[in-house]
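Trainee: Next up, target_26.txt (compact mmCIF, C-alpha atoms and all ligand atoms).
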```
# COMPACT_ATOMS: atom_id res chain seq x y z
CA MET O 30 164.03 108.22 121.40
CA THR O 31 166.92 110.61 121.13
CA GLU O 32 166.93 113.53 118.78
CA ARG O 33 170.17 115.10 117.69
CA ALA O 34 170.28 118.71 118.62
CA PRO O 35 170.69 120.92 115.52
CA GLU O 36 174.10 122.41 115.13
CA SER O 37 174.11 125.97 116.23
CA LYS O 38 172.61 128.12 113.50
CA PRO O 39 175.17 130.39 111.86
CA SER O 40 174.68 134.09 112.19
CA ILE O 41 172.33 135.03 109.39
CA ASP O 42 174.11 138.35 109.03
CA THR O 43 177.23 136.54 107.85
CA ALA O 44 175.56 133.54 106.21
CA LEU O 45 173.53 135.66 103.86
CA VAL O 46 176.62 137.54 102.75
CA HIS O 47 178.98 134.53 102.54
CA HIS O 48 176.60 131.74 101.54
CA PRO O 49 178.29 128.46 100.57
CA TYR O 50 175.80 127.39 97.88
CA ARG O 51 177.10 127.45 94.31
CA PRO O 52 174.62 126.67 91.53
CA PRO O 53 175.72 123.83 89.24
CA ALA O 54 177.82 124.83 86.23
CA GLY O 55 176.56 124.17 82.73
CA PHE O 56 173.42 126.31 82.65
CA ALA O 57 172.53 127.14 79.06
CA ALA O 58 169.76 129.39 77.74
CA PRO O 59 169.09 131.43 74.59
CA GLN O 60 170.25 134.70 76.16
CA PRO O 61 173.55 135.25 78.00
CA GLY O 62 173.42 135.82 81.76
CA VAL O 63 173.49 139.22 83.41
CA PHE O 64 176.46 139.81 85.70
CA LYS O 65 176.35 142.88 87.90
CA ALA O 66 179.34 144.27 89.76
CA SER O 67 181.25 147.26 90.84
CA THR O 68 183.60 145.09 92.94
CA VAL O 69 185.18 142.06 91.31
CA ILE O 70 186.62 139.55 93.82
CA PHE O 71 190.16 138.21 93.34
CA PRO O 72 191.19 134.79 94.66
CA ASN O 73 194.42 136.11 96.24
CA THR O 74 196.81 139.08 96.33
CA ALA O 75 199.02 137.63 93.59
CA ALA O 76 196.02 137.48 91.24
CA MET O 77 195.01 141.00 92.21
CA ARG O 78 198.50 142.39 91.52
CA ALA O 79 198.83 140.44 88.29
CA ARG O 80 195.58 141.77 86.83
CA ASP O 81 195.92 144.25 83.98
CA TRP O 82 192.70 146.18 83.27
CA LYS O 83 193.64 146.33 79.57
CA SER O 84 193.52 142.55 79.18
CA LYS O 85 190.14 140.95 78.59
CA ALA O 86 191.45 137.60 79.82
CA GLY O 87 190.01 138.37 83.26
CA TYR O 88 188.14 140.87 85.39
CA THR O 89 189.41 143.82 87.44
CA TYR O 90 186.52 146.13 88.29
CA GLY O 91 182.95 146.53 87.11
CA LEU O 92 183.86 149.64 85.14
CA HIS O 93 186.44 147.67 83.14
CA GLY O 94 184.11 144.90 82.12
CA THR O 95 181.97 141.97 83.21
CA PRO O 96 180.98 138.81 81.31
CA THR O 97 177.86 140.72 80.20
CA THR O 98 179.64 143.78 78.79
CA PHE O 99 182.46 141.69 77.24
CA THR O 100 179.79 139.60 75.46
CA LEU O 101 178.03 142.68 74.13
CA GLU O 102 181.35 144.21 72.99
CA GLU O 103 182.20 141.07 71.02
CA ARG O 104 178.77 141.01 69.36
CA ILE O 105 178.91 144.67 68.35
CA ALA O 106 182.42 144.14 66.93
CA THR O 107 181.03 141.24 64.89
CA LEU O 108 178.02 143.31 63.75
CA GLU O 109 180.28 146.08 62.41
CA GLY O 110 183.06 143.91 61.03
CA GLY O 111 185.49 145.29 63.64
CA LEU O 112 187.76 143.60 66.15
CA HIS O 113 187.54 145.73 69.32
CA THR O 114 184.55 147.54 70.82
CA LEU O 115 184.14 149.88 73.80
CA LEU O 116 180.73 150.57 75.34
CA VAL O 117 179.69 154.03 76.52
CA PRO O 118 176.48 155.40 78.05
CA SER O 119 175.07 156.97 74.85
CA GLY O 120 175.71 157.48 71.16
CA LEU O 121 176.79 161.03 71.90
CA ALA O 122 179.28 159.66 74.46
CA ALA O 123 180.75 157.51 71.66
CA ILE O 124 181.39 160.68 69.64
CA ALA O 125 182.84 162.40 72.72
CA LEU O 126 185.13 159.48 73.58
CA THR O 127 186.50 159.41 70.03
CA ASP O 128 187.15 163.18 70.04
CA MET O 129 188.74 163.19 73.49
CA ALA O 130 190.96 160.16 72.92
CA LEU O 131 192.32 161.26 69.55
CA LEU O 132 192.58 165.07 69.75
CA ALA O 133 194.84 167.38 71.75
CA ALA O 134 195.34 171.15 71.97
CA GLY O 135 196.49 172.49 68.59
CA ASP O 136 194.81 169.68 66.63
CA GLU O 137 191.80 170.13 64.38
CA VAL O 138 188.81 167.92 63.61
CA LEU O 139 186.72 168.21 60.43
CA ILE O 140 182.99 167.53 60.80
CA PRO O 141 180.43 167.32 57.99
CA ASP O 142 178.03 170.26 57.88
CA ASN O 143 175.07 167.83 58.12
CA ALA O 144 176.44 165.83 61.08
CA TYR O 145 174.43 164.88 64.17
CA GLY O 146 173.90 168.28 65.86
CA PRO O 147 175.02 167.57 69.44
CA GLY O 148 178.40 166.31 68.14
CA LYS O 149 178.89 169.69 66.45
CA GLU O 150 177.96 171.44 69.71
CA LEU O 151 180.60 169.40 71.57
CA ALA O 152 183.22 170.71 69.13
CA ARG O 153 181.93 174.27 69.46
CA HIS O 154 182.08 174.26 73.28
CA GLU O 155 184.31 171.67 75.01
CA LEU O 156 186.77 170.98 72.17
CA ALA O 157 187.16 174.73 71.55
CA ALA O 158 187.76 175.34 75.28
CA TRP O 159 190.53 172.70 75.21
CA GLY O 160 192.27 174.37 72.27
CA ILE O 161 191.04 171.86 69.67
CA GLY O 162 189.89 173.49 66.45
CA HIS O 163 187.07 172.31 64.22
CA ARG O 164 185.68 173.22 60.81
CA HIS O 165 182.65 171.95 58.93
CA TYR O 166 183.05 170.51 55.46
CA ASP O 167 180.60 169.92 52.63
CA PRO O 168 180.17 166.12 52.67
CA THR O 169 179.01 166.08 49.03
CA ASP O 170 182.44 167.21 47.82
CA ALA O 171 185.45 164.97 48.57
CA ASN O 172 187.80 167.34 46.72
CA ALA O 173 186.73 170.21 48.95
CA LEU O 174 187.47 168.04 51.99
CA ALA O 175 190.92 167.17 50.62
CA ALA O 176 191.65 170.87 50.16
CA MET O 177 190.72 171.65 53.78
CA LEU O 178 193.09 169.13 55.40
CA THR O 179 196.18 170.55 57.10
CA PRO O 180 198.94 168.89 59.16
CA ALA O 181 196.85 169.80 62.25
CA THR O 182 193.86 167.76 61.00
CA LYS O 183 194.04 164.60 63.10
CA LEU O 184 190.46 163.39 62.73
CA VAL O 185 187.73 163.54 60.07
CA TRP O 186 184.17 162.58 60.93
CA VAL O 187 181.94 160.99 58.29
CA GLU O 188 178.20 160.43 58.59
CA ALA O 189 176.26 158.41 56.03
CA PRO O 190 173.72 159.75 55.34
CA GLY O 191 173.73 163.15 57.07
CA SER O 192 171.33 163.73 59.96
CA VAL O 193 167.87 165.04 59.04
CA THR O 194 168.73 166.14 55.46
CA MET O 195 169.85 162.61 54.54
CA GLU O 196 172.48 163.47 51.88
CA PHE O 197 174.42 160.27 51.20
CA PRO O 198 178.13 161.05 50.76
CA ASP O 199 180.74 159.30 48.63
CA VAL O 200 182.16 157.53 51.69
CA PRO O 201 185.12 155.79 49.98
CA ASN O 202 186.31 159.07 48.45
CA LEU O 203 185.93 160.97 51.73
CA VAL O 204 188.03 158.26 53.43
CA ARG O 205 190.65 158.44 50.65
CA ALA O 206 190.81 162.25 50.96
CA ALA O 207 191.35 162.10 54.74
CA ARG O 208 193.92 159.28 54.42
CA SER O 209 195.92 161.17 51.81
CA LYS O 210 196.86 163.69 54.52
CA GLY O 211 197.21 161.15 57.32
CA ALA O 212 194.03 161.97 59.26
CA LEU O 213 192.08 159.24 61.05
CA VAL O 214 188.52 158.68 59.86
CA ALA O 215 185.66 158.13 62.31
CA LEU O 216 182.25 157.17 60.94
CA ASP O 217 178.99 157.75 62.78
CA ASN O 218 177.51 154.40 61.75
CA THR O 219 174.16 154.72 63.54
CA TRP O 220 172.09 154.82 60.34
CA GLY O 221 173.90 151.86 58.71
CA ALA O 222 173.79 149.94 62.02
CA GLY O 223 176.29 147.39 60.67
CA VAL O 224 173.57 146.18 58.26
CA ALA O 225 173.36 148.60 55.32
CA PHE O 226 177.10 148.57 54.54
CA ASP O 227 180.39 147.35 55.97
CA PRO O 228 182.29 150.33 57.45
CA PHE O 229 185.63 148.51 57.65
CA ARG O 230 185.29 147.12 54.12
CA LEU O 231 183.93 149.91 51.93
CA GLU O 232 185.94 148.70 48.96
CA ALA O 233 188.06 145.64 48.40
CA GLY O 234 190.59 146.13 45.61
CA THR O 235 191.77 143.37 43.31
CA THR O 236 195.17 143.42 45.08
CA GLY O 237 193.48 142.43 48.33
CA ALA O 238 193.81 145.96 49.73
CA VAL O 239 190.73 146.96 51.71
CA LEU O 240 189.44 150.50 52.18
CA GLY O 241 187.64 151.12 55.46
CA VAL O 242 187.19 153.68 58.20
CA ASP O 243 189.42 153.64 61.29
CA ILE O 244 186.65 154.00 63.86
CA SER O 245 182.94 153.29 63.82
CA ALA O 246 180.87 155.08 66.46
CA HIS O 247 177.34 153.73 66.85
CA ALA O 248 174.32 154.84 68.88
CA LEU O 249 173.20 151.41 70.15
CA THR O 250 170.22 153.41 71.41
CA LYS O 251 168.79 153.05 67.89
CA TYR O 252 168.53 149.72 65.98
CA PRO O 253 170.69 147.48 68.24
CA SER O 254 168.41 148.20 71.20
CA GLY O 255 165.31 148.64 69.07
CA GLY O 256 163.15 149.28 72.13
CA GLY O 257 163.25 153.04 72.53
CA ASP O 258 164.04 152.31 76.18
CA VAL O 259 167.82 152.29 76.54
CA LEU O 260 170.69 154.67 75.85
CA MET O 261 174.08 153.26 74.83
CA GLY O 262 176.90 153.83 72.39
CA SER O 263 179.89 151.93 71.06
CA VAL O 264 183.25 152.70 69.52
CA THR O 265 184.65 149.96 67.29
CA THR O 266 188.04 149.62 65.60
CA ARG O 267 190.17 146.98 63.92
CA ASP O 268 193.57 148.39 64.94
CA PRO O 269 194.76 147.20 68.39
CA ALA O 270 196.94 150.30 68.98
CA LEU O 271 194.06 152.65 68.14
CA HIS O 272 191.75 150.61 70.36
CA LEU O 273 194.21 150.97 73.24
CA ARG O 274 194.29 154.78 72.86
CA LEU O 275 190.48 154.82 73.00
CA ALA O 276 190.39 152.29 75.86
CA ALA O 277 192.83 154.33 77.98
CA THR O 278 190.69 157.47 77.70
CA HIS O 279 187.55 155.37 78.27
CA MET O 280 189.09 154.03 81.50
CA ARG O 281 190.31 157.41 82.76
CA MET O 282 186.94 159.03 81.99
CA GLY O 283 185.14 156.42 84.07
CA SER O 284 182.84 155.51 81.18
CA GLY O 285 180.87 152.35 81.64
CA VAL O 286 177.42 150.91 81.05
CA ALA O 287 175.00 149.22 83.41
CA ALA O 288 174.48 145.46 83.16
CA ASN O 289 170.71 145.74 82.76
CA ASP O 290 171.17 148.16 79.85
CA ALA O 291 173.74 145.85 78.25
CA GLU O 292 171.23 143.02 78.64
CA ALA O 293 168.55 145.09 76.90
CA VAL O 294 170.82 145.58 73.90
CA LEU O 295 171.88 141.90 73.90
CA ARG O 296 168.18 141.04 73.79
CA GLY O 297 167.67 143.27 70.74
CA LEU O 298 170.57 141.94 68.67
CA PRO O 299 169.11 138.61 67.44
CA THR O 300 166.23 140.50 65.76
CA LEU O 301 168.32 143.46 64.53
CA ALA O 302 168.56 142.37 60.89
CA LEU O 303 164.85 141.45 60.72
CA ARG O 304 163.78 144.77 62.26
CA TYR O 305 166.12 146.72 60.00
CA ALA O 306 164.73 144.99 56.89
CA ALA O 307 161.14 145.60 58.02
CA ALA O 308 161.82 149.28 58.74
CA ASP O 309 163.53 149.55 55.33
CA ARG O 310 160.50 148.11 53.49
CA ALA O 311 157.99 150.28 55.35
CA GLY O 312 160.23 153.36 55.11
CA ARG O 313 160.57 153.05 51.33
CA THR O 314 156.82 152.47 50.92
CA LEU O 315 156.04 155.60 52.93
CA ALA O 316 158.76 157.69 51.27
CA GLN O 317 157.37 156.73 47.85
CA TRP O 318 153.83 157.54 48.99
CA TRP O 319 154.98 160.96 50.21
CA SER O 320 156.81 161.67 46.96
CA GLN O 321 153.42 161.48 45.13
CA ARG O 322 151.76 164.01 47.43
CA PRO O 323 151.06 167.50 46.03
CA GLU O 324 151.95 169.16 49.37
CA VAL O 325 155.56 167.99 49.10
CA ALA O 326 158.57 169.74 47.54
CA GLN O 327 160.99 166.85 48.12
CA VAL O 328 161.31 163.56 49.97
CA LEU O 329 164.81 162.94 51.32
CA HIS O 330 165.51 159.19 51.47
CA PRO O 331 168.82 157.84 50.12
CA ALA O 332 167.13 154.91 48.32
CA LEU O 333 164.82 157.27 46.40
CA PRO O 334 166.12 158.34 42.97
CA GLY O 335 166.55 162.12 43.05
CA SER O 336 167.43 162.18 46.73
CA PRO O 337 170.87 163.77 47.30
CA GLY O 338 173.66 161.19 46.99
CA HIS O 339 171.33 158.42 45.79
CA ALA O 340 174.02 157.10 43.42
CA HIS O 341 176.53 156.87 46.29
CA TRP O 342 173.96 154.99 48.38
CA GLN O 343 173.35 152.63 45.47
CA ARG O 344 177.06 151.85 45.11
CA LEU O 345 177.65 151.18 48.81
CA CYS O 346 174.40 149.89 50.31
CA THR O 347 171.88 147.14 49.93
CA GLN O 348 169.49 148.46 52.55
CA SER O 349 168.30 151.65 54.27
CA ALA O 350 167.22 152.55 57.76
CA GLY O 351 163.50 153.37 58.11
CA LEU O 352 164.21 157.07 58.20
CA PHE O 353 163.31 159.87 55.77
CA SER O 354 162.49 163.57 55.73
CA VAL O 355 159.73 165.41 53.93
CA VAL O 356 160.25 169.00 52.77
CA PHE O 357 156.87 170.70 52.38
CA HIS O 358 156.11 173.27 49.71
CA GLU O 359 157.05 176.78 50.71
CA ARG O 360 153.38 177.77 50.54
CA TYR O 361 152.90 175.96 53.87
CA ARG O 362 154.18 178.03 56.79
CA ALA O 363 155.87 176.37 59.77
CA PRO O 364 152.81 176.69 62.08
CA GLN O 365 150.69 174.81 59.50
CA VAL O 366 153.24 172.02 59.28
CA ASP O 367 153.36 171.93 63.10
CA ALA O 368 149.56 171.50 63.06
CA PHE O 369 149.99 168.56 60.65
CA VAL O 370 152.53 166.99 63.03
CA ASP O 371 150.18 167.51 65.98
CA ALA O 372 147.30 165.89 64.04
CA LEU O 373 149.25 162.62 63.57
CA LYS O 374 148.00 159.88 65.90
CA LEU O 375 150.23 156.83 65.35
CA PHE O 376 153.38 158.85 64.62
CA LYS O 377 154.43 160.22 67.99
CA LEU O 378 156.37 163.42 68.48
CA GLY O 379 159.78 162.55 69.91
CA PHE O 380 163.55 162.49 69.38
CA SER O 381 165.58 159.40 68.55
CA TRP O 382 164.45 156.63 66.19
CA ALA O 383 164.58 152.91 65.36
CA GLY O 384 162.18 151.83 68.11
CA PRO O 385 158.80 150.09 67.70
CA VAL O 386 156.85 153.38 67.67
CA SER O 387 156.89 155.58 64.56
CA LEU O 388 158.16 159.08 65.33
CA VAL O 389 158.23 162.55 63.76
CA VAL O 390 160.21 165.70 64.48
CA PRO O 391 159.73 169.03 62.66
CA TYR O 392 163.05 170.78 62.01
CA ASP O 393 163.93 174.36 61.16
CA LEU O 394 166.58 173.92 58.47
CA ALA O 395 167.60 177.58 58.45
CA SER O 396 168.91 177.22 62.01
CA MET O 397 170.73 173.94 61.29
CA ARG O 398 172.67 174.43 58.05
CA LYS O 399 174.97 177.16 56.82
CA ARG O 400 173.38 176.99 53.37
CA PRO O 401 170.03 175.20 53.58
CA ALA O 402 169.24 173.62 50.23
CA TRP O 403 165.49 173.80 50.84
CA ARG O 404 163.25 176.62 52.05
CA GLY O 405 160.12 174.72 53.06
CA ALA O 406 159.41 173.27 56.50
CA LEU O 407 160.95 169.84 57.05
CA VAL O 408 159.56 166.88 59.01
CA ARG O 409 161.77 163.88 59.78
CA PHE O 410 159.96 160.52 59.95
CA SER O 411 161.22 157.41 61.73
CA VAL O 412 159.23 154.33 60.77
CA GLY O 413 158.44 151.88 63.55
CA LEU O 414 156.91 148.44 63.44
CA GLU O 415 153.24 149.36 62.89
CA ALA O 416 151.40 148.15 59.76
CA VAL O 417 152.44 150.43 56.89
CA ASP O 418 148.82 150.86 55.69
CA ASP O 419 147.89 152.25 59.10
CA LEU O 420 150.81 154.69 58.92
CA ILE O 421 149.67 155.86 55.46
CA ALA O 422 146.10 156.28 56.75
CA ASP O 423 147.40 158.29 59.70
CA SER O 424 149.45 160.54 57.40
CA THR O 425 146.44 161.02 55.09
CA GLN O 426 144.07 162.08 57.88
CA ALA O 427 146.66 164.49 59.34
CA LEU O 428 147.27 166.11 55.92
CA ALA O 429 143.64 167.29 56.00
CA VAL O 430 144.90 169.98 58.40
CA LEU O 431 147.01 171.50 55.60
CA ALA O 432 143.94 171.72 53.34
CA ALA O 433 141.69 173.15 56.04
CA PRO O 434 140.57 176.72 55.27
CA ASN O 435 141.88 178.15 58.57
CA GLY O 436 145.25 176.61 57.86
CA SER O 437 145.88 178.10 54.45
C1 LIG I 1 170.86 159.30 67.98
C2 LIG I 1 172.13 159.56 67.32
C3 LIG I 1 173.30 159.78 68.05
C4 LIG I 1 173.31 159.89 69.55
O1 LIG I 1 172.83 158.77 70.21
P1 LIG I 1 172.27 158.92 71.71
O2 LIG I 1 172.36 157.54 72.23
O3 LIG I 1 170.88 159.45 71.60
O4 LIG I 1 173.20 159.85 72.42
C5 LIG I 1 174.46 159.97 67.35
N1 LIG I 1 174.50 159.96 66.00
C6 LIG I 1 173.40 159.76 65.28
C7 LIG I 1 173.50 159.75 63.79
C8 LIG I 1 172.18 159.56 65.90
O5 LIG I 1 171.08 159.39 65.16
```
Have the structure of the file written as structure tokens, please.
Mentor:
Amino acid sequence: MTERAPESKPSIDTALVHHPYRPPAGFAAPQPGVFKASTVIFPNTAAMRARDWKSKAGYTYGLHGTPTTFTLEERIATLEGGLHTLLVPSGLAAIALTDMALLAAGDEVLIPDNAYGPGKELARHELAAWGIGHRHYDPTDANALAAMLTPATKLVWVEAPGSVTMEFPDVPNLVRAARSKGALVALDNTWGAGVAFDPFRLEAGTTGAVLGVDISAHALTKYPSGGGDVLMGSVTTRDPALHLRLAATHMRMGSGVAANDAEAVLRGLPTLALRYAAADRAGRTLAQWWSQRPEVAQVLHPALPGSPGHAHWQRLCTQSAGLFSVVFHERYRAPQVDAFVDALKLFKLGFSWAGPVSLVVPYDLASMRKRPAWRGALVRFSVGLEAVDDLIADSTQALAVLAAPNGS
């Protein structure tokens, strides 16, 4: 009996790097695959030299895109009604990319007074240091915005509604005002999330002309992820030339996102609309409940009649994010309201929103706005996915702190 000697075993050092096995093609599953790379391998030098990082017909380097990030970009573009999307490591990085790509020394950017705070800080520090001016405008007055525009105004930011104070602006008229002087319009679309309204189709005229923003920046950290466990941002456009300006800066800045983070957002997208609708229902129920409470001076929620800009919300939107702010009566001092916040059990104390866990943050309006419209302490609520009755019960028990003798 003769036994064939095994062929000499290849060096495992090499074999485990250059293994010949290729899994069969045709694998299909509900979620797209996760491709991870810094290096992308070219078949030959001609292919390497022919590759253009700007073209999404192929792959150049991990930073410039993988099947995973290209897939997420396409889905975010679809969500927002855009054509081109760039991914960045946070929502704030989406604001920064837009500013850096579109502004140069001598230019000016106009930012609403109630915009997301860190974006205002970026203008105050880095943009100022680079010779880029900025001014804040009153987002409730499109005529005032029109009067502020100069030939140096290259970019106008719009946020709907404003952060924390939730004023809903007349978005179409703000866009028209900026356009009339040739400025580009960038919307922070985090609240709308591509669900509440269509940023690239705010109005469709009878002539077929469509009014929309030029750029939509979105903190995918919020509803698209929905998990409270990933940071990411996107910048979406419809204009190929504008996209290329943004993409060039994106490339030179070395902005990219990790495959596992992209996967986390891809996993959140199929349930985005359901989660948004659920947060909207619960948010309105809670906002209405708060508006009946005697401790409260005002509830700020765009879908609530009497909330600033409610009529503009009604014209543009069908839905709302699960986000609202409560302004307490002036008779409650900030430490009392802090004690209320600390007494909440289901609502956790933390920044960001749109995850499964309901969150609160107390804000000091006087330090945030040039002319605060309210004097009482403000608490911003983000409604998660808990049962709304439990959230009302939690709010009720925590309010007992305000009535307690040592708290009044
Ligand atoms: C959270 C948020 C951002 C920033 O997103 P990050 O991913 O946390 O950097 C920007 N704009 C708005 C309106 C936000 O709520």
Trainee: Set out as CSV a contact list for segment 273-326 of chain O and segment 346-369 of chain O with a cut-off of 9 Å, giving each residue of segment 273-326 of chain O that qualifies its closest atom pair and distance in Å to one decimal, counting all atoms listed in the file, ordered by chain and rising residue number.
Mentor:
```
residue,atom,partner,partner_atom,distance
O:Tyr305,CA,O:Ala350,CA,6.3
O:Ala306,CA,O:Gln348,CA,7.3
O:Ala307,CA,O:Gly351,CA,8.1
O:Ala308,CA,O:Gly351,CA,4.5
O:Asp309,CA,O:Gly351,CA,4.7
O:Arg310,CA,O:Gly351,CA,7.6
O:Ala311,CA,O:Gly351,CA,6.9
O:Gly312,CA,O:Gly351,CA,4.4
O:Arg313,CA,O:Gly351,CA,7.4
O:Leu315,CA,O:Phe353,CA,8.9
O:Ala316,CA,O:Phe353,CA,6.8
O:Trp319,CA,O:Val355,CA,7.5
O:Ser320,CA,O:Val355,CA,8.4
O:Pro323,CA,O:His358,CA,8.5
O:Glu324,CA,O:His358,CA,5.9
O:Val325,CA,O:Phe357,CA,4.5
O:Ala326,CA,O:His358,CA,4.8
```
Trainee: Okay, now the selection with C-alpha atoms, as a PDB file, in the coordinates of the input?
Mentor:
```pdb
ATOM      1  CA  TYR O 305     166.120 146.720  60.000  1.00  0.00           C
ATOM      2  CA  ALA O 306     164.730 144.990  56.890  1.00  0.00           C
ATOM      3  CA  ALA O 307     161.140 145.600  58.020  1.00  0.00           C
ATOM      4  CA  ALA O 308     161.820 149.280  58.740  1.00  0.00           C
ATOM      5  CA  ASP O 309     163.530 149.550  55.330  1.00  0.00           C
ATOM      6  CA  ARG O 310     160.500 148.110  53.490  1.00  0.00           C
ATOM      7  CA  ALA O 311     157.990 150.280  55.350  1.00  0.00           C
ATOM      8  CA  GLY O 312     160.230 153.360  55.110  1.00  0.00           C
ATOM      9  CA  ARG O 313     160.570 153.050  51.330  1.00  0.00           C
ATOM     10  CA  LEU O 315     156.040 155.600  52.930  1.00  0.00           C
ATOM     11  CA  ALA O 316     158.760 157.690  51.270  1.00  0.00           C
ATOM     12  CA  TRP O 319     154.980 160.960  50.210  1.00  0.00           C
ATOM     13  CA  SER O 320     156.810 161.670  46.960  1.00  0.00           C
ATOM     14  CA  PRO O 323     151.060 167.500  46.030  1.00  0.00           C
ATOM     15  CA  GLU O 324     151.950 169.160  49.370  1.00  0.00           C
ATOM     16  CA  VAL O 325     155.560 167.990  49.100  1.00  0.00           C
ATOM     17  CA  ALA O 326     158.570 169.740  47.540  1.00  0.00           C
TER      18      ALA O 326
END
```
Trainee: Would you list the residues that come within 9 Å of ligand LIG 1 (chain I)? Count all atoms listed in the file and give the answer as a ChimeraX atom specification.
Mentor: /O:118-124,144-148,188-193,217-220,246-251,259-262,380-382
Trainee: Quick one: of O:Lys374, O:Val328, O:Arg409, O:Leu203, who's nearest to Gln426 of chain O, counting all atoms listed in the file?
Mentor: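 Going through O:Lys374, O:Val328, O:Arg409, O:Leu203 one by one, the smallest distance to Gln426 of chain O is for O:Lys374.
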Trainee: Using atom CA of Leu378 of chain O and atom CA of Gly221 of chain O as the two end points, give the distance in Å to one decimal.
Mentor: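 Straight-line distance from atom CA of Leu378 of chain O to atom CA of Gly221 of chain O works out to 23.2 Å.
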Trainee: When you look at Tyr90 of chain O with a cut-off of 12 Å (counting all atoms listed in the file), what residues show up, excluding the ones that are within fewer than 2 positions of it in the same chain? I need them as a list in words.
Mentor: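 Contacts, in chain order: Lys65, Ala66, Ser67, Thr68, Val69, Ile70, Phe71, Met77, Arg80, Asp81, Trp82, Lys83, Lys85, Gly87, Tyr88, Leu92, His93, Gly94, Thr95, Pro96, Thr98, Met280, Gly283 and Gly285 of chain O.
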Trainee: Measuring between only C-alpha atoms, which one of O:Phe226, O:Phe197, O:Trp318, O:Tyr392 shows the shortest distance to Gly338 of chain O?
Mentor: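 Of O:Phe226, O:Phe197, O:Trp318, O:Tyr392, the one nearest Gly338 of chain O is O:Phe197, counting only C-alpha atoms.
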Trainee: For the atom pair atom CA of Pro49 of chain O and atom CA of Ala291 of chain O, what is the interatomic distance in Å to one decimal place?
Mentor: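 It comes out at 28.7 Å.
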Trainee: Pick the closest to Gly257 of chain O from O:Ala58, O:Leu388, O:Ala76, O:Leu108: which is it, counting all atoms listed in the file?
Mentor: O:Leu388
Trainee: Residues at most 12 Å from Pro299 of chain O, counting all atoms listed in the file, excluding those fewer than 6 positions away in the same chain, as a list in words?
Mentor: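 Using all atoms listed in the file, the neighbours found are Pro59, Gln60, Pro61, Leu101, Arg104, Ile105, Leu108, Tyr252, Pro253, Ser254, Gly255, Ala293 and Tyr305 of chain O.
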Trainee: For the atom pair atom CA of Asp393 of chain O and atom CA of Thr194 of chain O, what is the interatomic distance in Å to one decimal place?
Mentor: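 Going from atom CA of Asp393 of chain O over to atom CA of Thr194 of chain O, I get 11.1 Å.
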Trainee: Considering all atoms listed in the file, can you say which of O:Ala215, O:Val46, O:Leu174, O:Ala106 comes closest to Asp142 of chain O?
Mentor: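 Closest to Asp142 of chain O of all the choices is O:Leu174.
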